[in-house]
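Text of data_25.csv (CSV, C-alpha atoms) as supplied:
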```
chain,number,residue,atom,x,y,z
V,1,VAL,CA,-1.0,4.3,2.7
V,2,THR,CA,-4.0,5.0,0.5
V,3,ALA,CA,-7.3,3.3,1.5
V,4,ASP,CA,-10.9,3.6,0.4
V,5,ALA,CA,-13.9,1.5,1.4
V,6,GLY,CA,-17.6,1.6,0.7
V,7,VAL,CA,-20.6,-0.2,2.0
V,8,SER,CA,-24.1,-0.2,0.5
V,9,MET,CA,-27.2,-1.9,1.9
V,10,SER,CA,-30.7,-2.1,0.4
V,11,SER,CA,-33.6,-3.7,2.2
V,12,ASN,CA,-37.2,-4.2,1.2
V,13,GLU,CA,-38.8,-5.8,4.3
V,14,ASP,CA,-42.0,-5.4,6.2
V,15,ALA,CA,-40.2,-5.3,9.5
V,16,ALA,CA,-37.6,-2.7,10.4
V,17,GLY,CA,-34.3,-3.6,8.8
V,18,PHE,CA,-30.7,-3.3,10.0
V,19,GLY,CA,-30.3,0.2,8.5
V,20,GLY,CA,-33.4,1.4,10.3
V,21,LYS,CA,-32.3,0.0,13.6
V,22,ILE,CA,-28.9,1.7,13.3
V,23,GLY,CA,-30.6,5.0,12.4
V,24,THR,CA,-33.0,4.8,15.4
V,25,PHE,CA,-30.1,4.0,17.8
V,26,PHE,CA,-28.2,7.2,16.8
V,27,SER,CA,-31.4,9.2,16.9
V,28,ASN,CA,-32.0,8.2,20.5
V,29,LYS,CA,-28.5,9.1,21.4
V,30,GLN,CA,-28.8,12.5,19.7
V,31,ASN,CA,-32.0,13.2,21.5
V,32,ALA,CA,-30.4,12.4,24.9
V,33,ILE,CA,-27.7,15.0,24.2
V,34,THR,CA,-30.3,17.5,23.1
V,35,ASN,CA,-32.2,16.9,26.4
V,36,LEU,CA,-29.1,17.7,28.5
V,37,LEU,CA,-28.7,21.0,26.7
V,38,GLY,CA,-32.4,21.7,27.0
V,39,GLN,CA,-32.3,21.1,30.8
V,40,PHE,CA,-29.5,23.5,31.2
V,41,ASP,CA,-31.3,26.2,29.1
V,42,SER,CA,-34.5,25.7,31.2
V,43,TRP,CA,-32.5,26.0,34.5
V,44,VAL,CA,-31.0,29.3,33.2
V,45,TYR,CA,-34.4,30.7,32.3
V,46,LYS,CA,-35.9,29.8,35.7
V,47,LYS,CA,-32.8,31.2,37.5
V,48,PHE,CA,-33.5,34.6,36.0
V,49,GLY,CA,-37.3,34.5,36.4
V,50,GLY,CA,-38.1,33.5,32.8
V,51,ASN,CA,-40.4,30.8,31.5
V,52,SER,CA,-39.0,27.8,29.5
V,53,THR,CA,-41.0,26.1,26.8
V,54,TRP,CA,-38.6,23.2,26.5
V,55,VAL,CA,-40.1,19.8,26.0
V,56,PRO,CA,-37.9,16.6,26.4
V,57,LYS,CA,-37.4,14.5,23.3
V,58,PRO,CA,-37.9,10.7,23.3
V,59,THR,CA,-34.8,8.6,23.9
V,60,ASN,CA,-36.2,5.1,23.8
V,61,GLU,CA,-37.8,4.9,20.4
V,62,SER,CA,-38.1,1.5,18.7
V,63,ALA,CA,-37.3,1.0,15.0
V,64,THR,CA,-40.3,0.6,12.8
V,65,ASN,CA,-41.0,0.3,9.1
V,66,PRO,CA,-43.5,3.0,8.0
V,67,GLN,CA,-44.4,0.9,4.9
V,68,ALA,CA,-45.3,-2.2,6.9
V,69,GLY,CA,-48.4,-3.9,5.4
V,70,GLU,CA,-48.1,-2.0,2.1
V,71,GLN,CA,-47.2,-3.2,-1.3
V,72,LEU,CA,-43.5,-2.5,-1.6
V,73,PRO,CA,-41.4,-1.8,-4.8
V,74,SER,CA,-40.7,-4.9,-6.8
V,75,PHE,CA,-36.9,-4.1,-7.2
V,76,SER,CA,-34.2,-3.7,-4.5
V,77,LEU,CA,-30.8,-2.5,-5.5
V,78,ALA,CA,-27.5,-2.0,-3.6
V,79,ALA,CA,-24.3,-0.7,-5.3
V,80,THR,CA,-20.9,0.5,-4.1
V,81,ALA,CA,-17.5,1.2,-5.7
V,82,SER,CA,-14.2,2.3,-4.1
V,83,VAL,CA,-11.0,3.4,-5.7
V,84,ALA,CA,-7.7,4.1,-3.9
V,85,VAL,CA,-4.8,5.6,-5.9
V,86,SER,CA,-1.2,6.3,-4.8
V,87,ASP,CA,0.7,8.6,-7.2
V,88,LEU,CA,4.3,9.1,-6.1
V,89,ASP,CA,7.5,10.6,-7.5
V,90,VAL,CA,10.3,10.1,-4.9
V,91,LYS,CA,14.0,10.8,-5.0
V,92,THR,CA,16.4,9.9,-2.2
V,93,ALA,CA,20.1,10.9,-2.7
V,94,ALA,CA,23.3,11.1,-0.6
V,95,VAL,CA,26.0,13.1,-2.5
V,96,VAL,CA,29.6,14.1,-2.0
V,97,ASP,CA,30.6,16.3,-4.9
V,98,GLY,CA,33.8,18.2,-5.5
V,99,THR,CA,35.0,17.8,-2.0
V,100,LYS,CA,38.6,17.6,-0.6
V,101,ILE,CA,38.9,15.3,2.4
V,102,THR,CA,42.1,14.5,4.3
V,103,PHE,CA,42.2,12.2,7.3
V,104,LYS,CA,45.3,13.0,9.6
V,105,ASN,CA,44.8,10.5,12.4
V,106,THR,CA,46.4,7.4,10.8
V,107,SER,CA,45.6,5.2,13.8
V,108,GLY,CA,41.9,6.1,14.0
V,109,ASN,CA,38.8,4.9,12.3
V,110,ASN,CA,39.1,7.2,9.3
V,111,ASP,CA,35.9,6.2,7.6
V,112,LEU,CA,34.0,7.9,4.8
V,113,ASN,CA,30.4,6.6,4.7
V,114,VAL,CA,27.9,7.8,2.1
V,115,GLN,CA,24.5,6.1,2.1
V,116,GLY,CA,21.2,6.6,0.3
V,117,ALA,CA,18.3,4.4,1.6
V,118,ASP,CA,14.6,4.0,0.9
V,119,ASN,CA,12.7,1.7,3.2
V,120,SER,CA,9.2,3.2,2.5
V,121,ALA,CA,6.0,1.2,2.2
V,122,VAL,CA,3.5,2.3,-0.5
V,123,VAL,CA,0.2,0.6,0.0
V,124,ALA,CA,-3.1,1.2,-1.8
V,125,VAL,CA,-6.2,-0.7,-0.5
V,126,ALA,CA,-9.7,-0.5,-1.8
V,127,GLY,CA,-12.8,-2.5,-0.8
V,128,GLY,CA,-16.4,-2.4,-1.7
V,129,MET,CA,-19.3,-4.3,-0.1
V,130,ALA,CA,-22.9,-4.4,-1.3
V,131,PHE,CA,-25.9,-6.2,0.3
V,132,ALA,CA,-29.4,-6.4,-1.2
V,133,TRP,CA,-32.1,-8.4,0.4
V,134,LYS,CA,-35.8,-8.6,-0.3
V,135,THR,CA,-38.5,-10.5,1.6
V,136,ASN,CA,-42.2,-10.4,1.2
V,137,THR,CA,-43.8,-11.3,4.6
V,138,ALA,CA,-47.0,-9.2,4.1
V,139,HIS,CA,-47.4,-10.2,0.4
V,140,PRO,CA,-45.6,-13.5,-0.1
V,141,ASP,CA,-47.0,-14.0,-3.6
V,142,VAL,CA,-45.6,-10.7,-4.9
V,143,THR,CA,-42.9,-11.2,-7.4
V,144,GLY,CA,-39.7,-9.3,-6.7
V,145,LYS,CA,-36.2,-8.7,-7.9
V,146,SER,CA,-33.0,-7.7,-6.1
V,147,GLY,CA,-29.5,-6.8,-7.4
V,148,SER,CA,-26.2,-5.8,-5.9
V,149,PHE,CA,-22.9,-4.5,-7.3
V,150,ALA,CA,-19.6,-4.1,-5.4
V,151,GLY,CA,-16.3,-2.9,-6.9
V,152,GLY,CA,-12.9,-2.2,-5.4
V,153,ALA,CA,-9.9,-0.9,-7.3
V,154,ALA,CA,-6.4,-0.2,-5.9
V,155,VAL,CA,-3.8,1.5,-8.0
V,156,ASN,CA,-0.1,2.4,-7.3
V,157,LEU,CA,1.7,4.8,-9.7
V,158,VAL,CA,5.3,5.1,-8.4
V,159,HIS,CA,8.6,6.5,-9.7
V,160,SER,CA,11.4,6.2,-7.2
V,161,ASP,CA,15.2,6.8,-7.3
V,162,VAL,CA,17.8,6.1,-4.7
V,163,ASP,CA,21.3,7.4,-5.3
V,164,ALA,CA,24.6,7.3,-3.4
V,165,ILE,CA,27.2,9.4,-5.2
V,166,ILE,CA,30.8,10.4,-4.6
V,167,GLN,CA,32.2,12.3,-7.6
V,168,GLY,CA,35.0,14.8,-8.4
V,169,SER,CA,36.4,14.5,-4.9
V,170,THR,CA,39.9,14.2,-3.5
V,171,ILE,CA,40.3,11.8,-0.5
V,172,ASN,CA,43.5,11.1,1.4
V,173,GLY,CA,44.2,8.8,4.3
V,174,ALA,CA,40.8,7.1,4.6
V,175,LYS,CA,40.7,3.6,6.2
V,176,THR,CA,37.4,2.8,4.4
V,177,ILE,CA,35.3,4.4,1.8
V,178,LYS,CA,31.7,3.1,1.7
V,179,ASN,CA,29.3,4.3,-0.9
V,180,THR,CA,26.0,2.4,-0.5
V,181,ALA,CA,22.5,2.7,-2.1
V,182,GLU,CA,19.9,0.6,-0.4
V,183,ARG,CA,16.3,-0.3,-1.1
V,184,SER,CA,14.1,-2.4,1.3
V,185,GLY,CA,10.6,-1.2,1.0
V,186,THR,CA,7.1,-2.5,0.0
V,187,LEU,CA,4.8,-1.8,-2.9
V,188,ALA,CA,1.4,-3.3,-2.4
V,189,ALA,CA,-2.0,-2.9,-4.1
V,190,ALA,CA,-5.1,-4.8,-2.9
V,191,GLY,CA,-8.6,-4.5,-4.3
V,192,ALA,CA,-11.5,-6.5,-2.9
V,193,ALA,CA,-15.2,-6.6,-3.6
V,194,ILE,CA,-18.0,-8.5,-1.8
V,195,ASP,CA,-21.7,-8.6,-2.8
V,196,ILE,CA,-24.6,-10.5,-1.4
V,197,SER,CA,-28.1,-10.5,-2.9
V,198,LEU,CA,-30.9,-12.5,-1.2
V,199,ASN,CA,-34.5,-12.6,-2.4
V,200,THR,CA,-37.6,-14.6,-1.6
V,201,GLY,CA,-39.2,-13.4,-4.8
V,202,THR,CA,-38.6,-14.1,-8.5
V,203,SER,CA,-34.9,-13.4,-9.1
V,204,ALA,CA,-31.6,-12.2,-7.6
V,205,ALA,CA,-28.4,-11.1,-9.3
V,206,GLY,CA,-25.0,-9.9,-8.1
V,207,MET,CA,-21.7,-8.7,-9.5
V,208,ALA,CA,-18.4,-8.1,-7.8
V,209,ALA,CA,-15.2,-6.8,-9.3
V,210,GLY,CA,-11.8,-6.5,-7.6
V,211,ILE,CA,-8.9,-4.8,-9.4
V,212,SER,CA,-5.3,-4.1,-8.4
V,213,VAL,CA,-2.7,-2.3,-10.4
V,214,ASN,CA,1.1,-1.7,-9.7
V,215,LEU,CA,2.9,0.5,-12.2
V,216,ALA,CA,6.4,1.3,-10.9
V,217,GLU,CA,9.8,2.3,-12.1
V,218,ASN,CA,12.6,2.1,-9.5
V,219,LYS,CA,16.3,3.0,-9.9
V,220,THR,CA,19.0,2.3,-7.3
V,221,VAL,CA,22.4,3.6,-8.1
V,222,ALA,CA,25.8,3.7,-6.3
V,223,LEU,CA,28.2,5.8,-8.4
V,224,MET,CA,31.9,6.8,-7.8
V,225,LYS,CA,33.1,9.0,-10.6
V,226,GLY,CA,36.3,11.0,-11.3
V,227,ASN,CA,37.7,10.7,-7.8
V,228,THR,CA,41.3,10.9,-6.7
V,229,VAL,CA,42.2,8.7,-3.7
V,230,ASN,CA,45.5,8.8,-1.7
V,231,ASP,CA,47.3,10.8,-4.4
V,232,THR,CA,49.3,12.7,-1.7
V,233,TYR,CA,49.0,10.2,1.1
V,234,THR,CA,52.3,9.1,2.6
V,235,GLY,CA,51.2,6.5,5.2
V,236,THR,CA,51.5,2.8,4.9
V,237,ASN,CA,47.8,1.8,5.5
V,238,LYS,CA,45.8,0.8,2.5
V,239,THR,CA,42.2,2.0,1.9
V,240,ILE,CA,39.3,-0.4,1.5
V,241,ILE,CA,36.7,0.8,-1.0
V,242,GLU,CA,33.1,-0.6,-1.2
V,243,ASN,CA,30.7,0.6,-3.8
V,244,LEU,CA,27.4,-1.3,-3.2
V,245,VAL,CA,23.8,-1.5,-4.3
V,246,THR,CA,21.3,-3.7,-2.4
V,247,ASN,CA,17.7,-4.2,-3.3
V,248,LYS,CA,15.3,-6.4,-1.2
V,249,ASP,CA,12.0,-4.8,-2.1
V,250,LEU,CA,8.7,-6.6,-1.6
V,251,GLN,CA,6.2,-6.0,-4.4
V,252,VAL,CA,2.7,-7.5,-4.1
V,253,THR,CA,-0.5,-7.2,-6.2
V,254,GLY,CA,-3.7,-9.0,-5.1
V,255,ALA,CA,-7.4,-8.9,-5.9
V,256,LEU,CA,-10.4,-10.7,-4.4
V,257,ASP,CA,-14.1,-11.0,-5.2
V,258,ILE,CA,-16.8,-12.9,-3.4
V,259,ASN,CA,-20.4,-13.3,-4.7
V,260,ALA,CA,-23.3,-14.9,-2.9
V,261,VAL,CA,-26.8,-14.9,-4.6
V,262,LYS,CA,-29.9,-16.7,-3.5
V,263,SER,CA,-33.6,-16.5,-4.6
V,264,ASN,CA,-36.7,-18.7,-4.7
V,265,LYS,CA,-36.4,-18.9,-8.4
V,266,ASN,CA,-33.8,-17.6,-10.8
V,267,SER,CA,-30.4,-16.4,-9.5
V,268,GLY,CA,-27.1,-15.4,-11.1
V,269,SER,CA,-23.7,-13.9,-10.2
V,270,ILE,CA,-20.7,-12.5,-12.0
V,271,GLY,CA,-17.3,-12.1,-10.4
V,272,VAL,CA,-14.2,-10.5,-12.0
V,273,VAL,CA,-10.8,-10.2,-10.5
V,274,ALA,CA,-7.8,-8.6,-12.3
V,275,THR,CA,-4.3,-7.8,-11.3
V,276,TRP,CA,-1.8,-5.9,-13.5
V,277,ASP,CA,1.9,-5.5,-12.7
V,278,SER,CA,4.3,-3.5,-14.7
V,279,VAL,CA,7.4,-3.1,-12.5
V,280,LYS,CA,10.9,-2.1,-13.6
V,281,ASN,CA,13.8,-2.3,-11.2
V,282,THR,CA,17.2,-0.9,-12.3
V,283,ASN,CA,20.1,-1.6,-10.0
V,284,LYS,CA,23.6,-0.3,-10.9
V,285,ALA,CA,26.9,0.0,-9.1
V,286,GLU,CA,29.6,1.8,-11.1
V,287,ILE,CA,33.1,3.2,-10.6
V,288,ASP,CA,33.9,5.4,-13.5
V,289,GLY,CA,37.2,7.2,-14.0
V,290,GLY,CA,39.6,8.5,-11.3
V,291,THR,CA,42.9,7.6,-9.7
V,292,TYR,CA,43.2,5.2,-6.8
V,293,LYS,CA,46.5,4.6,-5.0
V,294,LYS,CA,47.4,2.4,-2.0
V,295,ILE,CA,44.2,0.4,-2.1
V,296,GLY,CA,43.7,-2.9,-0.2
V,297,ILE,CA,40.5,-4.0,-1.9
V,298,VAL,CA,37.9,-2.5,-4.3
V,299,LYS,CA,34.4,-4.0,-4.2
V,300,ASP,CA,31.9,-2.9,-6.8
V,301,ASN,CA,28.8,-5.1,-6.1
V,302,VAL,CA,25.1,-5.3,-6.9
V,303,ILE,CA,23.0,-7.6,-4.7
V,304,THR,CA,19.3,-8.2,-5.3
V,305,ASP,CA,16.7,-10.2,-3.4
V,306,LEU,CA,13.4,-9.1,-4.8
V,307,THR,CA,10.1,-10.7,-3.9
V,308,GLN,CA,7.3,-10.2,-6.4
V,309,ILE,CA,3.8,-11.7,-5.9
V,310,ASN,CA,0.8,-11.5,-8.2
V,311,ALA,CA,-2.4,-13.2,-7.1
V,312,ALA,CA,-6.2,-13.1,-7.9
V,313,LEU,CA,-9.0,-15.1,-6.2
V,314,GLY,CA,-12.7,-15.2,-7.1
V,315,LEU,CA,-15.4,-17.1,-5.2
V,316,GLY,CA,-19.0,-17.3,-6.3
V,317,VAL,CA,-22.2,-19.1,-5.2
V,318,ALA,CA,-25.7,-18.9,-6.9
V,319,GLN,CA,-28.7,-20.8,-5.6
V,320,GLY,CA,-32.2,-21.1,-6.9
V,321,SER,CA,-35.1,-23.4,-6.1
V,322,GLY,CA,-38.0,-25.2,-7.8
V,323,GLY,CA,-36.0,-26.1,-10.9
V,324,ALA,CA,-35.2,-22.5,-11.6
V,325,LEU,CA,-32.1,-21.3,-13.4
V,326,ALA,CA,-29.0,-20.7,-11.2
V,327,TRP,CA,-25.7,-19.6,-12.8
V,328,ASN,CA,-22.3,-18.3,-11.7
V,329,PHE,CA,-19.4,-16.9,-13.7
V,330,GLN,CA,-16.0,-16.1,-12.3
V,331,GLY,CA,-13.2,-14.6,-14.4
V,332,SER,CA,-9.6,-14.0,-13.4
V,333,LEU,CA,-6.9,-12.0,-15.2
V,334,LEU,CA,-3.3,-11.8,-14.1
V,335,VAL,CA,-0.8,-9.7,-16.0
V,336,GLY,CA,2.8,-9.5,-14.7
V,337,VAL,CA,5.6,-7.7,-16.5
V,338,PHE,CA,8.7,-7.5,-14.4
V,339,LYS,CA,12.0,-6.2,-15.7
V,340,ASN,CA,14.9,-6.4,-13.2
V,341,THR,CA,18.4,-5.3,-14.1
V,342,ALA,CA,21.5,-5.7,-12.0
V,343,GLU,CA,24.7,-4.2,-13.4
V,344,ALA,CA,28.2,-3.7,-11.8
V,345,ASN,CA,30.8,-1.7,-13.8
V,346,VAL,CA,34.3,-0.5,-13.3
V,347,LYS,CA,35.7,1.5,-16.2
V,348,ASN,CA,38.3,4.1,-17.1
V,349,ILE,CA,40.1,4.1,-13.7
V,350,THR,CA,43.8,4.1,-12.7
V,351,LEU,CA,44.3,1.6,-9.9
V,352,MET,CA,47.8,1.6,-8.3
V,353,GLU,CA,49.4,-0.3,-5.4
V,354,ALA,CA,46.1,-2.3,-5.1
V,355,ASP,CA,45.6,-5.8,-3.7
V,356,THR,CA,42.2,-6.9,-5.0
V,357,LEU,CA,39.5,-5.7,-7.4
V,358,GLU,CA,36.1,-7.4,-7.1
V,359,VAL,CA,33.2,-6.7,-9.5
V,360,LYS,CA,30.0,-8.7,-8.9
V,361,ALA,CA,26.3,-8.6,-9.7
V,362,TYR,CA,24.1,-11.4,-8.3
V,363,ASP,CA,20.7,-12.4,-6.9
V,364,THR,CA,20.8,-14.0,-3.5
V,365,LYS,CA,19.0,-14.2,-0.1
V,366,LEU,CA,19.6,-11.1,2.0
V,367,GLU,CA,18.4,-10.2,5.5
V,368,THR,CA,14.6,-9.7,6.1
V,369,ASN,CA,12.9,-6.9,4.2
V,370,LYS,CA,12.6,-3.9,6.5
V,371,PHE,CA,8.8,-3.6,6.2
V,372,GLY,CA,8.3,-7.3,6.7
V,373,ASP,CA,10.6,-7.2,9.7
V,374,TYR,CA,8.5,-4.4,11.2
V,375,LEU,CA,5.2,-6.3,10.7
V,376,SER,CA,6.6,-9.5,12.3
V,377,LYS,CA,7.8,-7.6,15.3
V,378,ARG,CA,4.5,-5.6,15.7
V,379,GLY,CA,2.4,-8.8,15.4
```
Kindly transcribe the structure held in the file into structure tokens.
Amino acid sequence: VTADAGVSMSSNEDAAGFGGKIGTFFSNKQNAITNLLGQFDSWVYKKFGGNSTWVPKPTNESATNPQAGEQLPSFSLAATASVAVSDLDVKTAAVVDGTKITFKNTSGNNDLNVQGADNSAVVAVAGGMAFAWKTNTAHPDVTGKSGSFAGGAAVNLVHSDVDAIIQGSTINGAKTIKNTAERSGTLAAAGAAIDISLNTGTSAAGMAAGISVNLAENKTVALMKGNTVNDTYTGTNKTIIENLVTNKDLQVTGALDINAVKSNKNSGSIGVVATWDSVKNTNKAEIDGGTYKKIGIVKDNVITDLTQINAALGLGVAQGSGGALAWNFQGSLLVGVFKNTAEANVKNITLMEADTLEVKAYDTKLETNKFGDYLSKRG
């Protein structure tokens, strides 16, 4: 999970503002701790016959504005921007290569299971909030301007491979051979921006931009290549072979911007939200070459249940008074490029004494996505 957030506040008031009150609160607490240390030092000095010059610091100060009653600057500005980037190159693989396996207990569960699975959640979240307010209580006729900008950009750059491979191996007497590559994760990017600009003077302006980007290339492969199965097996039981790929990833891209601008005269706001998805999912189950004897059923399947969501939302309000100009512009851009491939292949194999060969690639409803199931249980 990659997260970044920023908050910016700008105030131009005669009275102490929110930022000043927070600063005074922490200053009082800091002085209280300093006083405790000072009391201890004074006790040590007196214990050994010394003289302490320690003077307690105030711990109940009230927030004030040192510029109260003075002419304040005519412009108040608040700006913040946050960027969160996840850059990942991940490979998950389970491999049986050039191995000789013989199961001797013909009445037991002689199972060979090879599984590669990726259930990871890759999340990038960025948020920016900017608040600018200007009031003129001491000088109500003074013209003033306030502006705010907030930006949030979340970016995922992901390359991910999941492989399950059995190749160049000799296997005898197995009840089942399961070679499974599974993907059930989440790829999410969310960028949000909120700006508020309030002014009792001439004009107020605000801008918010929320941007989210998912650039991903995912490969999920189950491969059985050049294997020899039951070549020397003399029993009567037949082996069941399952070469399977499942992909139930959740891929989400969302962006949000909120603008609120108000002044006694002119006011204006601009909001921009943009999402960009370029996601490629390659899913492949393949049995290539080899000799297979005494086989009950061979299943070579690819099953996908992908959920891909791309959403952008912009909200804006601009309010003026006295016949002044008030305008608001909201722009949304959604770009989604999804390329999903599901491929099941059986080629160049020798299949003897077999009952069934099943080769399927299809898109259907699977069980709950692992990350979604975790969130629902956690609440």
Inset, instruction - Can you pull out every residue within 8 Å of Met352 (chain V), counting only C-alpha atoms, but drop anything in the same chain fewer than 6 positions away, and send it as number ranges by chain? - result: V: 291-295
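Put simply, CA of Gln115 (chain V) is 5.8 Å away from CA of Ala94 (chain V).
With all atoms listed in the file as the basis for measurement, V:Asn109 is the residue among V:Asn340, V:Asn28, V:Gln308, V:Asn109 that approaches Thr239 (chain V) most closely.
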Legend entry - Which of V:Asn243, V:Asn227, V:Gln39, V:Ala193 sits closest to Asn113 (chain V) [using all atoms listed in the file]: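 With all atoms listed in the file as the atom set, the closest residue is V:Asn243.
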Give me the residues of region 205-249 of chain V that have any atom at most 9 Å from an atom of region 269-286 of chain V; for each, the nearest atom pair and the distance in Å, rounded to one decimal. Use all atoms listed in the file, sort by chain and number, and format it as a Markdown table.
```
| residue | atom | partner | partner_atom | distance |
| --- | --- | --- | --- | --- |
| V:Ala205 | CA | V:Ser269 | CA | 5.5 |
| V:Gly206 | CA | V:Ser269 | CA | 4.7 |
| V:Met207 | CA | V:Ile270 | CA | 4.7 |
| V:Ala208 | CA | V:Gly271 | CA | 4.9 |
| V:Ala209 | CA | V:Val272 | CA | 4.7 |
| V:Gly210 | CA | V:Val273 | CA | 4.8 |
| V:Ile211 | CA | V:Ala274 | CA | 4.9 |
| V:Ser212 | CA | V:Thr275 | CA | 4.8 |
| V:Val213 | CA | V:Trp276 | CA | 4.8 |
| V:Asn214 | CA | V:Asp277 | CA | 4.9 |
| V:Leu215 | CA | V:Ser278 | CA | 4.9 |
| V:Ala216 | CA | V:Val279 | CA | 4.8 |
| V:Glu217 | CA | V:Lys280 | CA | 4.8 |
| V:Asn218 | CA | V:Asn281 | CA | 4.9 |
| V:Lys219 | CA | V:Thr282 | CA | 4.7 |
| V:Thr220 | CA | V:Asn283 | CA | 4.9 |
| V:Val221 | CA | V:Lys284 | CA | 4.9 |
| V:Ala222 | CA | V:Ala285 | CA | 4.8 |
| V:Leu223 | CA | V:Glu286 | CA | 5.0 |
| V:Met224 | CA | V:Glu286 | CA | 6.4 |
| V:Lys225 | CA | V:Glu286 | CA | 8.0 |
| V:Asn243 | CA | V:Ala285 | CA | 6.5 |
| V:Leu244 | CA | V:Ala285 | CA | 6.1 |
| V:Val245 | CA | V:Ala285 | CA | 5.9 |
| V:Thr246 | CA | V:Asn283 | CA | 8.0 |
| V:Asn247 | CA | V:Asn283 | CA | 7.6 |
```
Legend entry - Point-to-point distance in Å for CA of Asn348 (chain V) and CA of Ile287 (chain V): 8.4 Å
Inset, instruction - Show which residues sit within 9 Å of Ala117 (chain V), as a PyMOL selection string. Count all atoms listed in the file, and ignore same-chain residues fewer than 4 positions away. - result: chain V and resi 92-94+162-164+180-184
Inset, instruction - To one decimal in Å, tell me the separation between CA of His159 (chain V) and CA of Val337 (chain V). - result: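 A separation of 16.0 Å between them.
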Legend entry - Residue with smallest distance to Tyr362 (chain V) - pool V:Thr24, V:Ser169, V:Thr304, V:Thr59, counting only C-alpha atoms: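 Ranked by minimum distance to Tyr362 (chain V), first place goes to V:Thr304.
In this comparison, which uses all atoms listed in the file, the residue of V:Ile349, V:Ala153, V:Val317, V:Ala312 approaching Gly331 (chain V) most closely is V:Ala312.
Contact shell of Thr102 (chain V) at 10 Å (all atoms listed in the file; same-chain neighbours under 6 positions omitted): V:Asn110, V:Thr170, V:Ile171, V:Asn172, V:Gly173, V:Ala174, V:Val229, V:Asn230, V:Thr232, V:Tyr233.
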Filtering to C-alpha atoms, could you give me those residues as a CSV table (one decimal), in the frame of the given file?
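And here's part09.csv as it stands now:
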```csv
chain,number,residue,atom,x,y,z
V,110,ASN,CA,39.1,7.2,9.3
V,170,THR,CA,39.9,14.2,-3.5
V,171,ILE,CA,40.3,11.8,-0.5
V,172,ASN,CA,43.5,11.1,1.4
V,173,GLY,CA,44.2,8.8,4.3
V,174,ALA,CA,40.8,7.1,4.6
V,229,VAL,CA,42.2,8.7,-3.7
V,230,ASN,CA,45.5,8.8,-1.7
V,232,THR,CA,49.3,12.7,-1.7
V,233,TYR,CA,49.0,10.2,1.1
```
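Take the candidates V:Leu315, V:Ile240, V:Ala192, V:Ile101 and check each one against Thr80 (chain V) using only C-alpha atoms; the shortest distance goes to V:Ala192.
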